[in-house]
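Asks: Okay, so here is input-v4.tsv, and as you'll see once you scroll down, it has TSV, C-alpha atoms.
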chain	number	residue	atom	x	y	z
A	185	MET	CA	-19.66	-24.79	-0.89
A	186	GLY	CA	-18.57	-21.96	1.44
A	187	LYS	CA	-20.06	-18.55	1.93
A	188	PRO	CA	-19.92	-16.40	-1.26
A	189	ILE	CA	-17.55	-13.43	-1.27
A	190	ALA	CA	-18.65	-10.22	-2.98
A	191	ILE	CA	-16.07	-8.83	-5.40
A	192	ASP	CA	-16.38	-5.29	-6.71
A	193	LEU	CA	-14.77	-5.37	-10.16
A	194	ASN	CA	-15.11	-1.65	-10.77
A	195	PRO	CA	-14.59	0.18	-7.49
A	196	SER	CA	-15.45	3.86	-7.63
A	197	ARG	CA	-13.58	4.75	-4.42
A	198	ALA	CA	-10.13	6.32	-4.77
A	199	VAL	CA	-7.81	6.52	-1.77
A	200	GLU	CA	-5.03	9.11	-1.92
A	201	ILE	CA	-1.89	8.36	0.08
A	202	ASP	CA	0.90	10.82	0.89
A	203	GLY	CA	3.54	10.07	-1.74
A	204	ALA	CA	6.30	11.37	0.54
A	205	LEU	CA	5.75	8.43	2.92
A	206	VAL	CA	6.01	5.93	0.11
A	207	ALA	CA	8.96	7.65	-1.55
A	208	ARG	CA	10.87	7.67	1.74
A	209	GLY	CA	10.15	3.98	2.27
A	210	LEU	CA	11.43	3.14	-1.21
A	211	GLY	CA	14.52	5.33	-0.74
A	212	LEU	CA	13.48	7.73	-3.50
A	213	ALA	CA	13.19	11.49	-3.79
A	214	LEU	CA	9.55	12.54	-4.03
A	215	ALA	CA	9.99	13.91	-7.58
A	216	ASP	CA	11.56	10.61	-8.70
A	217	PHE	CA	8.76	8.64	-7.04
A	218	ARG	CA	6.11	10.69	-8.85
A	219	GLN	CA	7.87	10.28	-12.18
A	220	LEU	CA	8.18	6.51	-11.70
A	221	MET	CA	4.47	6.34	-10.81
A	222	GLU	CA	3.58	8.22	-14.00
A	223	GLN	CA	5.80	5.85	-15.99
A	224	ARG	CA	4.09	2.89	-14.28
A	225	LYS	CA	7.43	1.59	-13.00
A	226	ILE	CA	6.08	1.24	-9.48
A	227	THR	CA	3.55	-1.53	-8.95
A	228	VAL	CA	0.69	-0.87	-6.53
A	229	LEU	CA	-1.60	-3.37	-4.84
A	230	CYS	CA	-4.47	-2.02	-2.73
A	231	GLU	CA	-6.53	-4.35	-0.53
A	232	LEU	CA	-9.80	-3.49	1.21
A	233	GLY	CA	-10.11	-4.57	4.83
A	234	THR	CA	-12.95	-6.81	5.96
A	235	GLY	CA	-14.38	-7.74	9.36
A	236	GLU	CA	-12.65	-5.78	12.12
A	237	ASP	CA	-10.49	-4.10	9.43
A	238	ALA	CA	-13.52	-2.83	7.46
A	239	GLY	CA	-12.95	0.73	6.29
A	240	LEU	CA	-9.18	0.27	6.15
A	241	TYR	CA	-6.96	-0.30	3.13
A	242	ARG	CA	-3.55	-1.96	2.85
A	243	ALA	CA	-1.52	-0.41	0.06
A	244	SER	CA	1.67	-2.11	-1.10
A	245	PHE	CA	4.11	-0.37	-3.44
A	246	TYR	CA	6.82	-2.38	-5.25
A	247	HIS	CA	9.91	-1.05	-7.02
A	248	GLU	CA	13.24	-2.69	-7.86
A	249	GLY	CA	12.97	-5.45	-5.29
A	250	ARG	CA	11.66	-3.22	-2.49
A	251	ARG	CA	8.21	-3.07	-0.93
A	252	VAL	CA	6.49	-0.39	1.13
A	253	ARG	CA	3.25	-1.36	2.84
A	254	LEU	CA	0.88	1.12	4.50
A	255	VAL	CA	-2.43	0.58	6.27
A	256	VAL	CA	-4.60	3.65	5.79
A	257	ASP	CA	-8.14	4.78	6.49
A	258	GLY	CA	-10.63	5.78	3.79
A	259	ASP	CA	-9.07	9.25	3.58
A	260	GLY	CA	-5.56	7.87	3.03
A	261	ASN	CA	-4.32	8.66	6.54
A	262	PRO	CA	-1.92	6.06	8.01
A	263	VAL	CA	-3.35	4.20	10.99
A	264	ARG	CA	-1.64	2.38	13.81
A	265	PRO	CA	-0.50	-1.02	12.57
A	266	ALA	CA	-2.20	-3.97	14.25
A	267	ARG	CA	1.06	-5.22	15.77
A	268	GLY	CA	2.50	-2.11	17.41
A	269	GLY	CA	4.34	0.87	16.02
A	270	THR	CA	2.93	4.24	15.08
A	271	GLY	CA	0.81	5.29	12.16
A	272	ASP	CA	3.72	7.24	10.70
A	273	GLU	CA	5.90	4.16	10.37
A	274	VAL	CA	6.34	2.77	6.90
A	275	SER	CA	6.83	-0.95	6.62
A	276	ALA	CA	9.57	-1.25	4.00
A	277	ALA	CA	11.32	-4.48	3.18
A	278	PRO	CA	13.22	-6.17	0.39
A	279	VAL	CA	11.04	-8.49	-1.64
A	280	ALA	CA	12.27	-12.09	-1.77
A	281	ARG	CA	12.52	-13.40	-5.31
A	282	GLN	CA	11.69	-17.04	-5.91
A	283	GLY	CA	14.26	-19.24	-7.56
A	284	ARG	CA	17.28	-17.15	-6.50
Written as structure tokens, that's how I'd like the structure from this file.

Replies:
Amino acid sequence: MGKPIAIDLNPSRAVEIDGALVARGLGLALADFRQLMEQRKITVLCELGTGEDAGLYRASFYHEGRRVRLVVDGDGNPVRPARGGTGDEVSAAPVARQGR
């Protein structure tokens, strides 16, 4: 058996990310983005960094076949991606759908 991995099932830490960055990446007006978030029509996945990425979070936002992915610090500030670019860049890409 490998080394156990700790899983926090009820994290108390909230990370706030600038919605304008995400809205721009999804091609939405900020007001529309906020409304879609309230309606839960945008899916969010937030991952906590480990090892050399400890203290960082990768947040992925999904809406209508598009994805925006940001790497942020504990205060929600974008950081320089590991493979070049600037912290202000938003990684936005269409999401491939299986079986199509």

Asks: Would you compute the distance between CA of Ala238 in chain A and CA of Val255 in chain A? Give it in Å to one decimal.

Replies: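 These atoms are spaced 11.7 Å apart.
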
Asks: What does the distance from CA of Phe217 in chain A to CA of Asp237 in chain A come to in Å, to one decimal?

Replies: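 CA of Phe217 in chain A sits 28.4 Å away from CA of Asp237 in chain A.
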
Asks: How big is the axis-aligned box around all listed atoms of range 220-238 of chain A once 4 Å goes on each side, and where's its centre, in Å to one decimal, as JSON?

Replies:
{"center_x": -3.1, "center_y": 0.2, "center_z": -1.9, "size_x": 30.6, "size_y": 24.0, "size_z": 36.1}

Asks: Which residues are close to Glu200 in chain A, i.e. within 9 Å by only C-alpha atoms, leaving aside same-chain residues fewer than 4 positions away? Reply as a CSV table (one decimal) with C-alpha atoms, in the frame of the given file.

Replies:
chain,number,residue,atom,x,y,z
A,258,GLY,CA,-10.6,5.8,3.8
A,259,ASP,CA,-9.1,9.2,3.6
A,260,GLY,CA,-5.6,7.9,3.0
A,261,ASN,CA,-4.3,8.7,6.5

Asks: When you draw a straight line from CA of His247 in chain A to CA of Glu231 in chain A, how long is it in Å?

Replies: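 Distance reported for this atom pair: 18.0 Å.
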
Asks: List as an NGL selection string the residues having at least one atom at most 6 Å from position (1.9, -0.4, -5.3) as given in the file, counting all atoms listed in the file.

Replies: :A and (227-229 or 244-246)

Asks: Could you check which of A:Leu254, A:Ala198, A:Ile189, A:Leu212 is closest to Ile226 in chain A, using only C-alpha atoms?

Replies: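 The closest residue to Ile226 in chain A is A:Leu212.
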
Asks: Determine the nearest neighbour of Pro262 in chain A from the options A:Ala215, A:Leu240, A:Leu220, A:Leu210, counting all atoms listed in the file.

Replies: A:Leu240

Asks: Using all atoms listed in the file for the distances, tell me which of A:Gly186, A:Gly249, A:Ala243, A:Asp257 is nearest to Lys225 in chain A.

Replies: A:Gly249

Asks: With distances taken over all atoms listed in the file, which residue among A:Gly235, A:Met221, A:Asp216, A:Cys230 lies nearest Val256 in chain A?

Replies: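 Closest to Val256 in chain A, using all atoms listed in the file: A:Cys230.
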
Asks: Please produce range 236-251 of chain A, completed to N, CA and C atoms, as a PDB file, in the frame of the given file.

Replies:
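Output (selection10.pdb):
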ATOM      1  N   GLU A 236     -13.081  -6.846  11.205  1.00  0.00           N
ATOM      2  CA  GLU A 236     -12.650  -5.780  12.120  1.00  0.00           C
ATOM      3  C   GLU A 236     -11.772  -4.740  11.417  1.00  0.00           C
ATOM      4  N   ASP A 237     -11.286  -5.041  10.216  1.00  0.00           N
ATOM      5  CA  ASP A 237     -10.490  -4.100   9.430  1.00  0.00           C
ATOM      6  C   ASP A 237     -11.327  -3.360   8.380  1.00  0.00           C
ATOM      7  N   ALA A 238     -12.643  -3.515   8.427  1.00  0.00           N
ATOM      8  CA  ALA A 238     -13.520  -2.830   7.460  1.00  0.00           C
ATOM      9  C   ALA A 238     -13.269  -1.333   7.525  1.00  0.00           C
ATOM     10  N   GLY A 239     -13.202  -0.706   6.371  1.00  0.00           N
ATOM     11  CA  GLY A 239     -12.950   0.730   6.290  1.00  0.00           C
ATOM     12  C   GLY A 239     -11.481   1.077   6.180  1.00  0.00           C
ATOM     13  N   LEU A 240     -10.620   0.067   6.288  1.00  0.00           N
ATOM     14  CA  LEU A 240      -9.180   0.270   6.150  1.00  0.00           C
ATOM     15  C   LEU A 240      -8.707  -0.308   4.831  1.00  0.00           C
ATOM     16  N   TYR A 241      -7.573   0.182   4.364  1.00  0.00           N
ATOM     17  CA  TYR A 241      -6.960  -0.300   3.130  1.00  0.00           C
ATOM     18  C   TYR A 241      -5.493  -0.611   3.410  1.00  0.00           C
ATOM     19  N   ARG A 242      -4.984  -1.664   2.791  1.00  0.00           N
ATOM     20  CA  ARG A 242      -3.550  -1.960   2.850  1.00  0.00           C
ATOM     21  C   ARG A 242      -3.005  -1.731   1.454  1.00  0.00           C
ATOM     22  N   ALA A 243      -2.121  -0.756   1.349  1.00  0.00           N
ATOM     23  CA  ALA A 243      -1.520  -0.410   0.060  1.00  0.00           C
ATOM     24  C   ALA A 243      -0.070  -0.863   0.057  1.00  0.00           C
ATOM     25  N   SER A 244       0.297  -1.637  -0.945  1.00  0.00           N
ATOM     26  CA  SER A 244       1.670  -2.110  -1.100  1.00  0.00           C
ATOM     27  C   SER A 244       2.228  -1.537  -2.387  1.00  0.00           C
ATOM     28  N   PHE A 245       3.423  -0.973  -2.304  1.00  0.00           N
ATOM     29  CA  PHE A 245       4.110  -0.370  -3.440  1.00  0.00           C
ATOM     30  C   PHE A 245       5.395  -1.148  -3.671  1.00  0.00           C
ATOM     31  N   TYR A 246       5.657  -1.563  -4.912  1.00  0.00           N
ATOM     32  CA  TYR A 246       6.820  -2.380  -5.250  1.00  0.00           C
ATOM     33  C   TYR A 246       7.665  -1.665  -6.301  1.00  0.00           C
ATOM     34  N   HIS A 247       8.986  -1.636  -6.041  1.00  0.00           N
ATOM     35  CA  HIS A 247       9.910  -1.050  -7.020  1.00  0.00           C
ATOM     36  C   HIS A 247      11.302  -1.626  -6.797  1.00  0.00           C
ATOM     37  N   GLU A 248      11.870  -2.180  -7.856  1.00  0.00           N
ATOM     38  CA  GLU A 248      13.240  -2.690  -7.860  1.00  0.00           C
ATOM     39  C   GLU A 248      13.554  -3.536  -6.632  1.00  0.00           C
ATOM     40  N   GLY A 249      12.715  -4.518  -6.374  1.00  0.00           N
ATOM     41  CA  GLY A 249      12.970  -5.450  -5.290  1.00  0.00           C
ATOM     42  C   GLY A 249      12.667  -4.931  -3.901  1.00  0.00           C
ATOM     43  N   ARG A 250      12.032  -3.773  -3.790  1.00  0.00           N
ATOM     44  CA  ARG A 250      11.660  -3.220  -2.490  1.00  0.00           C
ATOM     45  C   ARG A 250      10.148  -3.111  -2.395  1.00  0.00           C
ATOM     46  N   ARG A 251       9.653  -3.183  -1.157  1.00  0.00           N
ATOM     47  CA  ARG A 251       8.210  -3.070  -0.930  1.00  0.00           C
ATOM     48  C   ARG A 251       7.963  -2.101   0.221  1.00  0.00           C
TER      49      ARG A 251
END
